[in-house]
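Enquirer: I'd like to ask some things about the structure below.
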Amino acid sequence: MASNKKRLMPSSSNNNSLLPWLGISLIVLLLDQLSKITILKLFHYGESRPITGFFNLVLVYNKGAAFSFLAAESGWQRHLFTAIGIAAAIYIIYLLRKHAGQRMFCWALALILGGAIGNVIDRVVYGHVIDFLDVFVGSWHWPAFNIADSAICVGAVLFVLDELRRVGK
């Protein structure tokens with residue numbers, strides 16, 4: 001009798017299983033935005049402070065995409081990258097709902113979602129993305145990045161590892 005009741009009751013497991021992934025995205029988003037607000041309050045544009053022999057904090061703005069792609073354009077790229085970020089977020093939420101039980105895949109998507117929304121917020125509020133993490137070797141500097149970018153990169157690596165794991169089965 002109890003098993004029949006379970007079958008007749010509507011299942012809310014789809015919505016509940018989406019919540020942990022959205023929670024991870026929210027944590028990434030909060031860490032990203034709080035770090036950017038802190039850097040904006042403590043630094044002037046272009047100011048750099050050494051932390052280690054290979055890492056600085058520096059306040060720079062990126063009007064483009066990864067590695068300042070299209071940063072020198074007249075401003076239309078802000079709207080393009082904002083639209084791409086919003087479209088990606090919507091699609092990621094759809095994928096999270098559809099595949100909520102696939103842990104590594106959803107970790108990857110949740111990290112990418114939090115990072116994408118973090119950078120979209122920057123584009124909407126400031127007109128550019130705030131970057132402040134500067135990693136270097138000798139005089140060669142990796143392009144400055146932020147927590148959102150880091151989450152997107154870690155998510156992409158997890159996504160590739162998950163795909164390689166599935167192909168290997």
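By order in the structure tokens, chains are A, B, ...; within a chain, residues start at 1; ligands start at 1, following the order shown.
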Hey, what's within 12 Å of Ile51 in chain A if we count only C-alpha atoms and toss same-chain stuff fewer than 3 positions away? As a PyMOL selection string, please?
Expert: chain A and resi 48+54-58+133-136
Enquirer: Going by DSSP on the backbone, which residues of chain A come out as alpha helix (DSSP H)? List them as an MDAnalysis selection string.
Expert: chainID A and resid 2:8 13:42 76:98 103:126 147:167
Enquirer: I'd like the neighbourhood of Gly155 in chain A as a list in words, where a residue qualifies if any of its atoms comes within 10 Å (using only C-alpha atoms), though same-chain residues fewer than 3 positions away should be ignored.
Expert: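 Contacts, with the query itself left out: Met104, Phe105, Cys106, Trp107, Ala108, Leu109, Ala110, Leu111, Ile112, Leu113, Gly114, Gly115, Asp149, Ser150, Ala151, Ile152, Leu158, Phe159, Val160 and Leu161 of chain A.
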Enquirer: Find the residues of range 48-122 of chain A that sit at most 12 Å from range 34-40 of chain A; for each, write down the nearest two atoms and how far apart they are in Å, to one decimal. Count only C-alpha atoms. Sort by chain, then by number going up, and give it as a Markdown table.
Expert:
```
| residue | atom | partner | partner_atom | distance |
| --- | --- | --- | --- | --- |
| A:Ser48 | CA | A:Ile39 | CA | 10.7 |
| A:Arg49 | CA | A:Ile39 | CA | 11.1 |
| A:Leu57 | CA | A:Ile39 | CA | 8.5 |
| A:Val58 | CA | A:Ile39 | CA | 8.3 |
| A:Leu59 | CA | A:Ile39 | CA | 6.9 |
| A:Val60 | CA | A:Leu40 | CA | 9.8 |
| A:Tyr61 | CA | A:Leu40 | CA | 10.7 |
| A:Gly118 | CA | A:Lys36 | CA | 9.8 |
| A:Asn119 | CA | A:Lys36 | CA | 10.5 |
| A:Ile121 | CA | A:Lys36 | CA | 11.1 |
| A:Asp122 | CA | A:Lys36 | CA | 9.1 |
```
Enquirer: Export, as a compact mmCIF listing (two decimals), in the first residue's frame, the selected residues with C-alpha atoms.
Expert:
```txt
# COMPACT_ATOMS: atom_id res chain seq x y z
CA SER A 48 49.49 46.42 -8.35
CA ARG A 49 50.55 44.86 -5.04
CA LEU A 57 46.86 41.68 -7.01
CA VAL A 58 46.14 44.35 -9.63
CA LEU A 59 43.00 46.24 -10.60
CA VAL A 60 42.34 46.17 -14.33
CA TYR A 61 39.23 46.32 -16.48
CA GLY A 118 29.41 37.06 -12.13
CA ASN A 119 30.94 38.46 -15.31
CA ILE A 121 26.82 41.42 -13.59
CA ASP A 122 30.11 43.28 -14.12
```
